Amino acid sequence: MRIVVIGGGAGGLELASKLGKKTNAKNLRDQVQVTLIDQNDTHLWKPLLHEVATGALDSGVDAVSYRAQAHNCGFDFQLGKVININRDEQKIELAPLINSDKEVVLKTRYVQYDYVVFALGSITNDFNVEGISENCIFLDKPSQAMRFHKELLESLLTLDETLKTEPDASLTISIVGAGATGVELSAELFHAVEVLKVYGLSRLTDSHLKVNLIEAGPRILPALPDRISANASFELSALGVQVMTNTRVVKGQADGFVKDDGVLIASDMMVWAAGVKAPDFMQNIGGLETNRVNQLLVKPTLQTLTDDHVFAIGDCASLPLDPNGVTPADGRQRMVPPTAQAAHQMASLAYKNLTSIILSHSPESEPLKSFKYKDYGSLVSLSHYSTVGSLMGGLTKGSMMIEGRLARVMYVSLYRMHQLALFGFFKMILITISGHINKVIRPRLKLH
Ligand SMILES: Cc1cc2nc3c(=O)[nH]c(=O)nc-3n(C[C@H](O)[C@H](O)[C@H](O)COP(=O)(O)OP(=O)(O)OC[C@H]3O[C@@H](n4cnc5c(N)ncnc54)[C@H](O)[C@@H]3O)c2cc1C
């Protein structure tokens, strides 16, 4: 049996690692081949991207090599960008692999499957607003975060020099979208300036950095409870972030964002983090049903509506929160949110269901299980200044707001759970220790 996982992100890499280990443990490698396909050589947990963007995290240190992980866990890895699926012939099409000199390294390839899991995540949705893709940086992948980091360092270096003669000079960074990405990035930017001051850019102060956080809705962090949103808004304003709610951007241009009243929000650097969609090539891919943001519609078993041999998990899957599909009182159907927490939970269920399929002729097999999303709450890191969020269910019996050190520990633990799923307990502890050692021996910010 051939199981192919497309996308080695928060959900896909956990799934491929667990399936690989399982087939090894059961001596099934001759009968079951697990293959992971990703367009990159390395994996970086996406919620860390805003830290890469500001230099708080060195992606070179935290990235996981797919080939090494494949070797350690017993799955195969194929480097390549998936562009299509042929369901009649049960094969996946990979685009030719082109290097930076525009040479073809590998021609078009096809990978056969018996079961395939789409786990290729999401990209930023610019909602076709004019000038956004040309003028803004998106934080979808490490290369974009690194590009932002490079531009930020160069701009701050220039600013530090300019301040010699123009003490009122400043750098303005505008971020559209006040979800977790926009909020976390805003706070990290102030931390970056604080640290760079120590590393030689001594003329910089907080007042030379202007950050506009622009949100069309009435409050920031719209997916989180009011009080968390209010708390985060207060903390950001105290840092110096200009929080602009009820502000609709209709255009992006080289010198800033244009609002719906025609006024320009002048900006030196522009980030768009206003929503997500699955990649455009996913729309009705292979005749499968997708929604308006290109996500594959799945059943509670995480199989697509029309093909039981095709699963989808994480940001590229669309599943109602209520397994019976009942619409809540306000008429809007709530969906499983596009978060790392949901991708992790979906990977766990896909693992159980695929294991049942693998073992379907043995007494250990069970009927496929249905996905039930457990919301453990949401946490937002305001860099080293604060962490705010809520914990749900379990011990708290409802929702409980937390902040400060406890919230920081819970925030970090989401990443630790991801590492636990990838590497097991012992390696996860070693990685945690080496992270603390790195904090002592490496600069507090990536400086190049
Ligand atoms: C800056 C930022 C901060 C965030 N913070 C949080 C947070 O604090 N908490 C939280 O729960 N969530 C957070 N999220 C959301 C979270 O990162 C995603 O929900 C989660 O990563 C989705 O997991 P996934 O497995 O579906 O996809 P991803 O983790 O995005 O992985 C998708 C993988 O598919 C690969 N891929 C894509 N297209 C192709 C293709 N055509 N062919 C081959 N491979 C492909 C990609 O290279 C990638 O490795 C954040 C997101 C961002 C951008």
# chains A, B, ... in the order shown; residues from 1 in each chain; ligands from 1

$ residues_near_ligand --ligand "ligand 1" --cutoff "6 Å" --atoms "only C-alpha atoms and all ligand atoms" --output "number ranges by chain"
A: 6-12, 37-40, 43, 46-47, 49-50, 80-83, 119-122, 139-140, 180-181, 314-316, 338-341, 343

$ residues_around --residues "Asp160 (chain A)" --least-positions-apart "5" --cutoff "8 Å" --atoms "only C-alpha atoms" --output "ChimeraX atom specification"
/A:201-204

$ select_by_dssp --residues "region 312-434 of chain A" --states "strand (DSSP E or B)" --output "ChimeraX atom specification"
/A:312,317-318,320,335,377-382,386-392,399-403

$ residues_around --residues "Thr172 (chain A)" --least-positions-apart "2" --cutoff "12 Å" --atoms "only C-alpha atoms" --output "ChimeraX atom specification"
/A:152,155-156,159,169-170,174-175,186,189-190,206-213,240-242,255-257,265-271

$ closest_residue --among "A:Lys21, A:Arg332, A:His436, A:Arg2" --to "Phe423 (chain A)" --atoms "only C-alpha atoms"
A:Lys21

$ residues_around --residues "Asp261 (chain A)" --least-positions-apart "4" --cutoff "10 Å" --atoms "only C-alpha atoms" --output "JSON, numbers by chain"
{"A": [247, 248, 249, 250]}

$ write_last_selection --atoms "N, CA and C atoms" --output "mmCIF file, in the first residue's frame"
data_model
loop_
_atom_site.group_PDB
_atom_site.id
_atom_site.type_symbol
_atom_site.label_atom_id
_atom_site.label_comp_id
_atom_site.auth_asym_id
_atom_site.auth_seq_id
_atom_site.Cartn_x
_atom_site.Cartn_y
_atom_site.Cartn_z
ATOM 1 N N THR A 247 -10.661 50.331 9.792
ATOM 2 C CA THR A 247 -9.907 50.997 8.733
ATOM 3 C C THR A 247 -9.771 50.045 7.545
ATOM 4 N N ARG A 248 -10.402 50.415 6.456
ATOM 5 C CA ARG A 248 -10.405 49.519 5.286
ATOM 6 C C ARG A 248 -9.396 49.993 4.241
ATOM 7 N N VAL A 249 -8.511 49.085 3.865
ATOM 8 C CA VAL A 249 -7.509 49.408 2.842
ATOM 9 C C VAL A 249 -8.052 48.990 1.478
ATOM 10 N N VAL A 250 -7.965 49.880 0.490
ATOM 11 C CA VAL A 250 -8.493 49.544 -0.837
ATOM 12 C C VAL A 250 -7.390 49.414 -1.884
#

$ atom_distance --atom1 "CA of Pro320 (chain A)" --atom2 "CA of Asn284 (chain A)"
18.8 Å

$ residues_around --residues "Gly286 (chain A)" --least-positions-apart "4" --cutoff "9 Å" --atoms "only C-alpha atoms" --output "VMD selection string"
chain A and resid 84 to 87 282

$ atom_distance --atom1 "CA of Lys197 (chain A)" --atom2 "CA of Lys150 (chain A)"
16.8 Å

$ residues_around --residues "Tyr115 (chain A)" --least-positions-apart "4" --cutoff "6 Å" --atoms "only C-alpha atoms" --output "PyMOL selection string"
chain A and resi 3+309-310

$ residues_around --residues "region 349-361 of chain A" --least-positions-apart "3" --cutoff "8 Å" --atoms "only C-alpha atoms" --output "list in words"
Met1, Leu15, Lys18, Leu19, Val32, Thr301, Leu302, Phe311, Ile313, Gln345, Met346, Glu364, Ser365, Glu366, Pro367, Leu368, Lys369, Ser370 and Phe371 of chain A

$ write_last_selection --atoms "N, CA, C and O atoms" --output "PDB file, in the first residue's frame"
ATOM      1  N   MET A   1       0.843  -1.197   0.000  1.00  0.00           N
ATOM      2  CA  MET A   1       0.000   0.000   0.000  1.00  0.00           C
ATOM      3  C   MET A   1       0.882   1.253   0.000  1.00  0.00           C
ATOM      4  O   MET A   1       1.879   1.310   0.713  1.00  0.00           O
ATOM      5  N   LEU A  15       2.171  13.735  10.723  1.00  0.00           N
ATOM      6  CA  LEU A  15       1.492  12.541  10.223  1.00  0.00           C
ATOM      7  C   LEU A  15       2.484  11.577   9.567  1.00  0.00           C
ATOM      8  O   LEU A  15       2.498  10.375   9.879  1.00  0.00           O
ATOM      9  N   LYS A  18       4.717   9.884  12.203  1.00  0.00           N
ATOM     10  CA  LYS A  18       4.042   8.849  13.002  1.00  0.00           C
ATOM     11  C   LYS A  18       3.749   7.609  12.161  1.00  0.00           C
ATOM     12  O   LYS A  18       3.908   6.484  12.624  1.00  0.00           O
ATOM     13  N   LEU A  19       3.315   7.828  10.913  1.00  0.00           N
ATOM     14  CA  LEU A  19       3.025   6.669  10.053  1.00  0.00           C
ATOM     15  C   LEU A  19       4.305   5.887   9.755  1.00  0.00           C
ATOM     16  O   LEU A  19       4.312   4.652   9.758  1.00  0.00           O
ATOM     17  N   VAL A  32       3.873  -1.442   3.312  1.00  0.00           N
ATOM     18  CA  VAL A  32       3.336  -0.076   3.335  1.00  0.00           C
ATOM     19  C   VAL A  32       4.467   0.924   3.100  1.00  0.00           C
ATOM     20  O   VAL A  32       5.452   0.947   3.843  1.00  0.00           O
ATOM     21  N   THR A 301     -14.407  12.008   8.979  1.00  0.00           N
ATOM     22  CA  THR A 301     -13.275  11.060   8.969  1.00  0.00           C
ATOM     23  C   THR A 301     -12.034  11.684   8.329  1.00  0.00           C
ATOM     24  O   THR A 301     -10.983  11.043   8.259  1.00  0.00           O
ATOM     25  N   LEU A 302     -12.176  12.908   7.811  1.00  0.00           N
ATOM     26  CA  LEU A 302     -11.127  13.669   7.109  1.00  0.00           C
ATOM     27  C   LEU A 302     -10.898  13.182   5.681  1.00  0.00           C
ATOM     28  O   LEU A 302      -9.934  13.582   5.026  1.00  0.00           O
ATOM     29  N   PHE A 311      -7.601  12.203   1.542  1.00  0.00           N
ATOM     30  CA  PHE A 311      -7.838  12.872   2.824  1.00  0.00           C
ATOM     31  C   PHE A 311      -7.332  14.313   2.727  1.00  0.00           C
ATOM     32  O   PHE A 311      -6.494  14.627   1.881  1.00  0.00           O
ATOM     33  N   ILE A 313      -6.089  17.535   5.631  1.00  0.00           N
ATOM     34  CA  ILE A 313      -5.964  17.986   7.031  1.00  0.00           C
ATOM     35  C   ILE A 313      -5.377  19.397   7.067  1.00  0.00           C
ATOM     36  O   ILE A 313      -4.776  19.857   6.094  1.00  0.00           O
ATOM     37  N   GLN A 345      -4.266  18.304  15.710  1.00  0.00           N
ATOM     38  CA  GLN A 345      -5.346  17.364  16.067  1.00  0.00           C
ATOM     39  C   GLN A 345      -5.805  16.558  14.848  1.00  0.00           C
ATOM     40  O   GLN A 345      -6.106  15.367  14.949  1.00  0.00           O
ATOM     41  N   MET A 346      -5.867  17.221  13.703  1.00  0.00           N
ATOM     42  CA  MET A 346      -6.290  16.503  12.482  1.00  0.00           C
ATOM     43  C   MET A 346      -5.243  15.457  12.092  1.00  0.00           C
ATOM     44  O   MET A 346      -5.591  14.364  11.636  1.00  0.00           O
ATOM     45  N   GLU A 364      -6.475  -5.974  14.874  1.00  0.00           N
ATOM     46  CA  GLU A 364      -6.290  -4.669  15.533  1.00  0.00           C
ATOM     47  C   GLU A 364      -7.080  -3.550  14.846  1.00  0.00           C
ATOM     48  O   GLU A 364      -7.141  -2.439  15.338  1.00  0.00           O
ATOM     49  N   SER A 365      -7.634  -3.830  13.684  1.00  0.00           N
ATOM     50  CA  SER A 365      -8.267  -2.742  12.934  1.00  0.00           C
ATOM     51  C   SER A 365      -9.569  -2.285  13.601  1.00  0.00           C
ATOM     52  O   SER A 365     -10.247  -3.045  14.280  1.00  0.00           O
ATOM     53  N   GLU A 366      -9.869  -0.992  13.392  1.00  0.00           N
ATOM     54  CA  GLU A 366     -11.091  -0.412  13.975  1.00  0.00           C
ATOM     55  C   GLU A 366     -11.794   0.383  12.890  1.00  0.00           C
ATOM     56  O   GLU A 366     -11.148   0.788  11.918  1.00  0.00           O
ATOM     57  N   PRO A 367     -13.101   0.660  13.045  1.00  0.00           N
ATOM     58  CA  PRO A 367     -13.745   1.511  12.045  1.00  0.00           C
ATOM     59  C   PRO A 367     -13.152   2.924  12.092  1.00  0.00           C
ATOM     60  O   PRO A 367     -12.606   3.331  13.123  1.00  0.00           O
ATOM     61  N   LEU A 368     -13.256   3.662  10.986  1.00  0.00           N
ATOM     62  CA  LEU A 368     -12.675   5.009  10.961  1.00  0.00           C
ATOM     63  C   LEU A 368     -13.366   5.909  11.989  1.00  0.00           C
ATOM     64  O   LEU A 368     -14.579   5.827  12.200  1.00  0.00           O
ATOM     65  N   LYS A 369     -12.557   6.772  12.605  1.00  0.00           N
ATOM     66  CA  LYS A 369     -13.089   7.655  13.662  1.00  0.00           C
ATOM     67  C   LYS A 369     -13.441   9.028  13.071  1.00  0.00           C
ATOM     68  O   LYS A 369     -12.931   9.403  12.020  1.00  0.00           O
ATOM     69  N   SER A 370     -14.294   9.740  13.802  1.00  0.00           N
ATOM     70  CA  SER A 370     -14.696  11.086  13.364  1.00  0.00           C
ATOM     71  C   SER A 370     -13.913  12.148  14.118  1.00  0.00           C
ATOM     72  O   SER A 370     -13.635  11.983  15.316  1.00  0.00           O
ATOM     73  N   PHE A 371     -13.633  13.236  13.431  1.00  0.00           N
ATOM     74  CA  PHE A 371     -12.852  14.320  14.049  1.00  0.00           C
ATOM     75  C   PHE A 371     -13.737  15.168  14.941  1.00  0.00           C
ATOM     76  O   PHE A 371     -14.832  15.571  14.575  1.00  0.00           O
TER      77      PHE A 371
END

$ closest_residue --among "A:Val298, A:Leu382, A:Ala273, A:Leu79" --to "Glu184 (chain A)" --atoms "only C-alpha atoms"
A:Leu382
